[in-house]
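Next comes coords05.cif, a file with mmCIF, C-alpha atoms.
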```cif
data_input
loop_
_atom_site.group_PDB
_atom_site.id
_atom_site.type_symbol
_atom_site.label_atom_id
_atom_site.label_comp_id
_atom_site.auth_asym_id
_atom_site.auth_seq_id
_atom_site.Cartn_x
_atom_site.Cartn_y
_atom_site.Cartn_z
ATOM 1 C CA GLN A 286 100.810 105.691 121.879
ATOM 2 C CA VAL A 287 102.809 105.045 118.720
ATOM 3 C CA GLN A 288 103.355 107.643 116.013
ATOM 4 C CA LEU A 289 104.228 106.741 112.443
ATOM 5 C CA VAL A 290 105.859 109.044 109.919
ATOM 6 C CA GLU A 291 105.891 108.024 106.290
ATOM 7 C CA SER A 292 108.112 109.397 103.561
ATOM 8 C CA GLY A 293 109.260 108.645 100.046
ATOM 9 C CA GLY A 294 106.156 108.976 97.931
ATOM 10 C CA GLY A 295 106.009 111.061 94.784
ATOM 11 C CA LEU A 296 105.646 111.131 91.031
ATOM 12 C CA VAL A 297 107.516 108.603 88.909
ATOM 13 C CA GLN A 298 107.376 107.424 85.322
ATOM 14 C CA PRO A 299 106.334 103.880 84.444
ATOM 15 C CA GLY A 300 109.238 101.514 84.960
ATOM 16 C CA GLY A 301 110.731 103.761 87.602
ATOM 17 C CA SER A 302 111.425 103.138 91.264
ATOM 18 C CA LEU A 303 110.534 104.625 94.612
ATOM 19 C CA ARG A 304 111.396 103.727 98.175
ATOM 20 C CA LEU A 305 108.899 104.318 100.955
ATOM 21 C CA SER A 306 109.899 104.572 104.599
ATOM 22 C CA CYS A 307 107.818 104.486 107.761
ATOM 23 C CA ALA A 308 109.398 105.245 111.118
ATOM 24 C CA ALA A 309 107.690 104.468 114.406
ATOM 25 C CA SER A 310 108.243 106.490 117.557
ATOM 26 C CA GLY A 311 106.685 106.950 120.970
ATOM 27 C CA ARG A 312 105.698 104.134 123.301
ATOM 28 C CA VAL A 313 106.752 101.450 120.869
ATOM 29 C CA PHE A 314 107.784 98.832 123.475
ATOM 30 C CA ARG A 315 107.687 96.037 120.957
ATOM 31 C CA ILE A 316 106.916 95.829 117.232
ATOM 32 C CA TYR A 317 105.369 92.749 115.722
ATOM 33 C CA THR A 318 104.235 92.794 112.116
ATOM 34 C CA MET A 319 104.960 95.770 109.870
ATOM 35 C CA GLY A 320 103.437 96.309 106.500
ATOM 36 C CA TRP A 321 102.216 98.436 103.657
ATOM 37 C CA TYR A 322 98.715 98.813 102.284
ATOM 38 C CA ARG A 323 97.336 100.994 99.537
ATOM 39 C CA GLN A 324 94.013 102.574 98.787
ATOM 40 C CA ALA A 325 92.478 104.276 95.795
ATOM 41 C CA PRO A 326 89.561 106.704 96.153
ATOM 42 C CA GLY A 327 86.311 104.829 96.667
ATOM 43 C CA LYS A 328 88.034 101.492 97.071
ATOM 44 C CA GLN A 329 88.955 99.313 100.012
ATOM 45 C CA ARG A 330 92.423 99.432 101.463
ATOM 46 C CA GLU A 331 94.381 96.457 100.155
ATOM 47 C CA LEU A 332 97.459 94.597 101.287
ATOM 48 C CA VAL A 333 100.692 95.320 99.468
ATOM 49 C CA ALA A 334 103.225 93.543 101.674
ATOM 50 C CA THR A 335 103.871 92.597 105.281
ATOM 51 C CA ILE A 336 106.898 91.434 107.213
ATOM 52 C CA SER A 337 106.767 89.655 110.541
ATOM 53 C CA SER A 338 109.152 90.065 113.442
ATOM 54 C CA ASP A 339 110.800 86.846 112.203
ATOM 55 C CA GLY A 340 111.318 88.334 108.752
ATOM 56 C CA ILE A 341 108.607 86.341 107.022
ATOM 57 C CA THR A 342 107.193 88.322 104.134
ATOM 58 C CA ILE A 343 103.869 88.250 102.344
ATOM 59 C CA TYR A 344 103.202 90.062 99.077
ATOM 60 C CA ALA A 345 100.141 90.774 97.020
ATOM 61 C CA ASP A 346 100.295 88.871 93.734
ATOM 62 C CA SER A 347 100.233 92.143 91.822
ATOM 63 C CA VAL A 348 103.564 93.293 93.302
ATOM 64 C CA LYS A 349 105.507 90.042 93.620
ATOM 65 C CA GLY A 350 108.901 90.284 91.979
ATOM 66 C CA ARG A 351 108.719 94.090 91.803
ATOM 67 C CA PHE A 352 108.360 95.266 95.401
ATOM 68 C CA THR A 353 110.516 94.358 98.387
ATOM 69 C CA ILE A 354 109.590 94.976 102.008
ATOM 70 C CA SER A 355 112.240 95.174 104.705
ATOM 71 C CA ARG A 356 112.570 96.400 108.267
ATOM 72 C CA ASP A 357 115.207 97.835 110.535
ATOM 73 C CA ASP A 358 114.188 97.091 114.103
ATOM 74 C CA ALA A 359 116.976 99.230 115.534
ATOM 75 C CA LYS A 360 115.331 102.204 113.839
ATOM 76 C CA SER A 361 111.735 100.946 114.218
ATOM 77 C CA THR A 362 111.391 101.515 110.495
ATOM 78 C CA VAL A 363 109.818 99.587 107.658
ATOM 79 C CA TYR A 364 110.698 100.135 104.011
ATOM 80 C CA LEU A 365 109.067 99.342 100.713
ATOM 81 C CA GLN A 366 111.323 99.289 97.670
ATOM 82 C CA MET A 367 109.139 99.599 94.593
ATOM 83 C CA ASN A 368 110.668 98.814 91.215
ATOM 84 C CA SER A 369 109.217 98.504 87.727
ATOM 85 C CA LEU A 370 106.317 100.700 88.744
ATOM 86 C CA LYS A 371 103.144 100.566 86.680
ATOM 87 C CA PHE A 372 100.262 102.984 86.167
ATOM 88 C CA GLU A 373 98.075 100.749 88.321
ATOM 89 C CA ASP A 374 100.415 101.181 91.293
ATOM 90 C CA THR A 375 99.128 104.732 91.656
ATOM 91 C CA ASP A 376 97.511 104.959 95.092
ATOM 92 C CA VAL A 377 97.901 106.331 98.569
ATOM 93 C CA TYR A 378 100.205 104.011 100.494
ATOM 94 C CA TYR A 379 99.751 103.479 104.219
ATOM 95 C CA CYS A 380 102.124 101.770 106.578
ATOM 96 C CA LEU A 381 100.855 99.535 109.339
ATOM 97 C CA VAL A 382 102.720 98.729 112.509
ATOM 98 C CA VAL A 383 101.414 96.193 114.958
ATOM 99 C CA GLY A 384 103.084 97.086 118.216
ATOM 100 C CA GLY A 385 102.894 98.285 121.772
ATOM 101 C CA ARG A 386 102.810 96.671 125.190
ATOM 102 C CA ILE A 387 99.557 95.039 124.076
ATOM 103 C CA PRO A 388 99.582 94.541 120.279
ATOM 104 C CA GLU A 389 97.570 97.216 118.516
ATOM 105 C CA ASN A 390 97.351 98.372 114.905
ATOM 106 C CA TYR A 391 98.844 101.755 114.123
ATOM 107 C CA TRP A 392 98.492 103.400 110.717
ATOM 108 C CA GLY A 393 100.626 106.002 109.019
ATOM 109 C CA GLN A 394 99.148 109.170 107.542
ATOM 110 C CA GLY A 395 99.505 107.924 103.982
ATOM 111 C CA THR A 396 101.825 108.946 101.178
ATOM 112 C CA GLN A 397 100.795 109.462 97.563
ATOM 113 C CA VAL A 398 102.488 107.430 94.867
ATOM 114 C CA THR A 399 101.681 108.512 91.314
ATOM 115 C CA VAL A 400 102.940 106.636 88.279
ATOM 116 C CA SER A 401 102.494 108.758 85.186
ATOM 117 C CA SER A 402 104.250 109.548 81.951
#
```

If you convert what's in this file into C-alpha coordinates, what do you get?
Amino acid sequence: QVQLVESGGGLVQPGGSLRLSCAASGRVFRIYTMGWYRQAPGKQRELVATISSDGITIYADSVKGRFTISRDDAKSTVYLQMNSLKFEDTDVYYCLVVGGRIPENYWGQGTQVTVSS
(Lines of atoms letter the chains of each structure in order from A and count residues from 1; the text may use other names and numbers.)
(Lines give C-alpha, C1' and ligand atoms only; values in the text may rest on other atoms or scores of the structure.)
Protein backbone atom coordinates (compact mmCIF):
# COMPACT_ATOMS: atom_id res chain seq x y z
CA GLN A 1 0.00 0.00 0.00
CA VAL A 2 1.18 3.50 -0.88
CA GLN A 3 0.11 6.61 1.01
CA LEU A 4 0.24 10.08 -0.51
CA VAL A 5 0.30 13.33 1.43
CA GLU A 6 -0.31 16.55 -0.43
CA SER A 7 0.53 20.04 0.75
CA GLY A 8 0.88 23.57 -0.54
CA GLY A 9 -2.60 24.57 -1.58
CA GLY A 10 -4.26 27.78 -0.47
CA LEU A 11 -5.61 31.16 -1.45
CA VAL A 12 -3.65 33.35 -3.85
CA GLN A 13 -4.35 36.46 -5.89
CA PRO A 14 -4.36 36.37 -9.68
CA GLY A 15 -0.82 36.47 -10.99
CA GLY A 16 0.50 34.86 -7.84
CA SER A 17 2.31 31.58 -7.32
CA LEU A 18 1.91 28.41 -5.32
CA ARG A 19 3.93 25.24 -5.03
CA LEU A 20 2.21 21.92 -4.44
CA SER A 21 4.01 18.90 -3.02
CA CYS A 22 2.99 15.26 -2.85
CA ALA A 23 5.07 12.78 -0.88
CA ALA A 24 4.65 9.03 -1.22
CA SER A 25 5.33 6.60 1.60
CA GLY A 26 4.67 2.99 2.48
CA ARG A 27 5.32 0.05 0.19
CA VAL A 28 6.51 2.23 -2.65
CA PHE A 29 8.99 -0.27 -4.16
CA ARG A 30 9.15 1.60 -7.42
CA ILE A 31 7.53 4.77 -8.76
CA TYR A 32 6.73 5.18 -12.41
CA THR A 33 4.73 8.17 -13.58
CA MET A 34 3.81 10.97 -11.18
CA GLY A 35 1.36 13.68 -11.93
CA TRP A 36 -1.20 16.26 -10.99
CA TYR A 37 -4.87 16.44 -11.90
CA ARG A 38 -7.56 18.89 -10.92
CA GLN A 39 -11.29 18.74 -10.51
CA ALA A 40 -14.04 21.29 -10.08
CA PRO A 41 -17.38 20.38 -8.49
CA GLY A 42 -19.58 18.53 -10.96
CA LYS A 43 -16.81 18.19 -13.52
CA GLN A 44 -14.48 15.41 -14.56
CA ARG A 45 -10.99 15.23 -13.18
CA GLU A 46 -8.59 16.62 -15.77
CA LEU A 47 -4.89 16.29 -16.41
CA VAL A 48 -2.68 19.16 -15.34
CA ALA A 49 0.79 17.67 -15.78
CA THR A 50 2.64 14.37 -15.58
CA ILE A 51 6.28 13.39 -15.38
CA SER A 52 7.63 9.97 -16.24
CA SER A 53 10.43 8.12 -14.50
CA ASP A 54 12.65 9.31 -17.38
CA GLY A 55 11.71 12.93 -16.72
CA ILE A 56 9.45 13.32 -19.73
CA THR A 57 6.75 15.86 -18.98
CA ILE A 58 3.28 16.41 -20.37
CA TYR A 59 1.21 19.52 -19.68
CA ALA A 60 -2.34 20.54 -20.34
CA ASP A 61 -2.46 23.34 -22.90
CA SER A 62 -4.09 25.62 -20.35
CA VAL A 63 -1.05 25.53 -18.04
CA LYS A 64 1.86 25.36 -20.47
CA GLY A 65 4.42 28.04 -19.77
CA ARG A 66 2.96 28.75 -16.32
CA PHE A 67 3.21 25.47 -14.41
CA THR A 68 6.25 23.26 -13.94
CA ILE A 69 6.18 19.69 -12.69
CA SER A 70 9.23 18.08 -11.13
CA ARG A 71 10.08 15.07 -9.01
CA ASP A 72 12.60 14.06 -6.41
CA ASP A 73 12.87 10.29 -6.47
CA ALA A 74 15.08 10.22 -3.38
CA LYS A 75 12.17 11.73 -1.47
CA SER A 76 9.42 9.98 -3.49
CA THR A 77 7.93 13.42 -3.99
CA VAL A 78 6.38 15.24 -6.91
CA TYR A 79 6.03 19.01 -7.09
CA LEU A 80 3.93 21.41 -9.09
CA GLN A 81 5.18 24.98 -9.31
CA MET A 82 2.28 27.17 -10.37
CA ASN A 83 3.03 30.69 -11.56
CA SER A 84 0.88 33.41 -13.11
CA LEU A 85 -2.19 31.85 -11.56
CA LYS A 86 -5.58 32.70 -13.04
CA PHE A 87 -9.12 32.61 -11.67
CA GLU A 88 -9.80 29.53 -13.78
CA ASP A 89 -7.03 27.61 -12.02
CA THR A 90 -9.26 27.41 -8.96
CA ASP A 91 -9.88 23.71 -8.30
CA VAL A 92 -9.05 20.83 -6.05
CA TYR A 93 -5.69 19.43 -7.12
CA TYR A 94 -4.94 15.73 -6.79
CA CYS A 95 -1.60 14.05 -7.17
CA LEU A 96 -1.28 10.70 -8.89
CA VAL A 97 1.52 8.24 -8.35
CA VAL A 98 1.81 5.13 -10.43
CA GLY A 99 3.90 2.79 -8.34
CA GLY A 100 4.28 -0.39 -6.38
CA ARG A 101 5.65 -3.85 -7.04
CA ILE A 102 2.93 -4.15 -9.70
CA PRO A 103 2.11 -0.69 -11.11
CA GLU A 104 -1.06 0.71 -9.59
CA ASN A 105 -2.60 4.18 -9.48
CA TYR A 106 -2.56 5.94 -6.14
CA TRP A 107 -4.32 9.25 -5.56
CA GLY A 108 -3.69 11.95 -3.00
CA GLN A 109 -6.46 13.34 -0.81
CA GLY A 110 -6.68 16.57 -2.78
CA THR A 111 -5.66 20.11 -1.92
CA GLN A 112 -7.72 23.22 -2.63
CA VAL A 113 -6.24 25.96 -4.75
CA THR A 114 -8.27 29.17 -4.85
CA VAL A 115 -7.32 32.11 -7.04
CA SER A 116 -9.24 35.18 -5.96
CA SER A 117 -8.77 38.90 -5.58

Contacts of Val287 of chain A at 6 Å or less, counting only C-alpha atoms, minus same-chain residues fewer than 3 places along, as a PyMOL selection string? chain A and resi 310-313

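For the atom pair formed by atom CA of Tyr317 of chain A and atom CA of Gln288 of chain A, the distance is 15.0 Å, given to one decimal.
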
Please identify all polymer residues within 12 Å of Lys328 of chain A, counting only C-alpha atoms, omitting same-chain residues fewer than 4 positions from it, and present them as a list in words. Arg323, Gln324, Asp376 and Val377 of chain A

Enumerate, as JSON, numbers by chain, the protein, DNA and RNA residues whose atoms approach (108.8, 103.6, 106.0) to within 12 Å, taking into account only C-alpha atoms and the coordinate frame of the file. {"A": [289, 290, 291, 292, 293, 294, 303, 304, 305, 306, 307, 308, 309, 310, 319, 320, 321, 322, 354, 355, 356, 357, 358, 360, 361, 362, 363, 364, 365, 366, 378, 379, 380, 381, 382, 392, 393, 394, 395, 396]}

Show me, as an MDAnalysis selection string, the residues that have an atom within 8 Å of Ser302 of chain A when counting only C-alpha atoms, minus same-chain residues fewer than 5 positions from it. chainID A and resid 297 366:370

Please evaluate the PyMOL selection byres ((chain A and resi 400) around 6) against the structure above and give the resulting residues as JSON, numbers by chain. {"A": [296, 297, 298, 299, 372, 375, 399, 401]}

Contacts of segment 341-351 of chain A at 7 Å (all atoms listed in the file; same-chain gap of 2+ positions) as an MDAnalysis selection string: chainID A and resid 332:337 339 353 367:369

For segment 343-354 of chain A, supply all heavy atoms and format the output as a CSV table (one decimal), in the frame of the given file.
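That gives us rebuild_1.csv:
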```
chain,number,residue,atom,x,y,z
A,343,ILE,N,105.0,88.6,103.2
A,343,ILE,CA,103.9,88.2,102.3
A,343,ILE,C,103.7,89.4,101.4
A,343,ILE,O,103.7,90.6,101.8
A,343,ILE,CB,102.6,88.1,103.2
A,343,ILE,CG1,102.8,86.9,104.2
A,343,ILE,CG2,101.4,87.9,102.3
A,343,ILE,CD1,101.7,86.7,105.2
A,344,TYR,N,103.4,89.1,100.1
A,344,TYR,CA,103.2,90.1,99.1
A,344,TYR,C,101.9,89.8,98.4
A,344,TYR,O,101.5,88.7,98.1
A,344,TYR,CB,104.3,90.0,98.0
A,344,TYR,CG,105.7,90.4,98.6
A,344,TYR,CD1,106.6,89.5,99.0
A,344,TYR,CD2,106.0,91.8,98.6
A,344,TYR,CE1,107.8,89.9,99.5
A,344,TYR,CE2,107.3,92.2,99.0
A,344,TYR,CZ,108.2,91.2,99.5
A,344,TYR,OH,109.4,91.6,100.0
A,345,ALA,N,101.3,90.9,97.9
A,345,ALA,CA,100.1,90.8,97.0
A,345,ALA,C,100.7,90.2,95.7
A,345,ALA,O,101.8,90.6,95.3
A,345,ALA,CB,99.5,92.1,96.8
A,346,ASP,N,99.9,89.4,95.0
A,346,ASP,CA,100.3,88.9,93.7
A,346,ASP,C,100.7,90.0,92.7
A,346,ASP,O,101.6,89.8,91.9
A,346,ASP,CB,99.2,88.0,93.1
A,346,ASP,CG,99.0,86.7,93.9
A,346,ASP,OD1,99.9,86.3,94.6
A,346,ASP,OD2,97.9,86.1,93.7
A,347,SER,N,100.0,91.1,92.8
A,347,SER,CA,100.2,92.1,91.8
A,347,SER,C,101.6,92.8,92.0
A,347,SER,O,102.0,93.5,91.0
A,347,SER,CB,99.1,93.2,91.9
A,347,SER,OG,99.1,93.8,93.2
A,348,VAL,N,102.3,92.6,93.1
A,348,VAL,CA,103.6,93.3,93.3
A,348,VAL,C,104.7,92.3,93.4
A,348,VAL,O,105.9,92.8,93.5
A,348,VAL,CB,103.5,94.2,94.5
A,348,VAL,CG1,102.3,95.2,94.4
A,348,VAL,CG2,103.5,93.5,95.8
A,349,LYS,N,104.4,91.0,93.5
A,349,LYS,CA,105.5,90.0,93.6
A,349,LYS,C,106.6,90.2,92.5
A,349,LYS,O,106.2,90.3,91.3
A,349,LYS,CB,104.9,88.6,93.6
A,349,LYS,CG,104.2,88.2,94.9
A,349,LYS,CD,103.7,86.8,94.8
A,349,LYS,CE,103.0,86.4,96.0
A,349,LYS,NZ,102.4,85.0,95.9
A,350,GLY,N,107.8,90.2,92.9
A,350,GLY,CA,108.9,90.3,92.0
A,350,GLY,C,109.3,91.7,91.7
A,350,GLY,O,110.3,92.0,91.0
A,351,ARG,N,108.4,92.7,92.1
A,351,ARG,CA,108.7,94.1,91.8
A,351,ARG,C,109.0,94.9,93.1
A,351,ARG,O,109.8,95.8,93.1
A,351,ARG,CB,107.5,94.7,91.0
A,351,ARG,CG,107.2,94.1,89.7
A,351,ARG,CD,106.2,94.9,88.9
A,351,ARG,NE,104.9,94.9,89.6
A,351,ARG,CZ,104.3,96.1,90.0
A,351,ARG,NH1,104.9,97.2,89.7
A,351,ARG,NH2,103.1,96.1,90.6
A,352,PHE,N,108.2,94.5,94.1
A,352,PHE,CA,108.4,95.3,95.4
A,352,PHE,C,109.1,94.4,96.4
A,352,PHE,O,108.9,93.2,96.4
A,352,PHE,CB,107.0,95.6,96.0
A,352,PHE,CG,106.2,96.6,95.2
A,352,PHE,CD1,106.6,97.1,93.9
A,352,PHE,CD2,105.0,97.2,95.7
A,352,PHE,CE1,105.9,98.0,93.2
A,352,PHE,CE2,104.3,98.1,95.0
A,352,PHE,CZ,104.7,98.5,93.8
A,353,THR,N,109.8,95.1,97.3
A,353,THR,CA,110.5,94.4,98.4
A,353,THR,C,110.3,95.1,99.7
A,353,THR,O,110.6,96.3,99.8
A,353,THR,CB,112.0,94.3,98.1
A,353,THR,OG1,112.3,93.6,96.9
A,353,THR,CG2,112.7,93.5,99.2
A,354,ILE,N,109.8,94.4,100.7
A,354,ILE,CA,109.6,95.0,102.0
A,354,ILE,C,110.7,94.6,102.9
A,354,ILE,O,111.3,93.4,102.8
A,354,ILE,CB,108.2,94.5,102.6
A,354,ILE,CG1,107.9,95.3,103.9
A,354,ILE,CG2,108.2,93.0,102.9
A,354,ILE,CD1,106.5,95.1,104.4
```
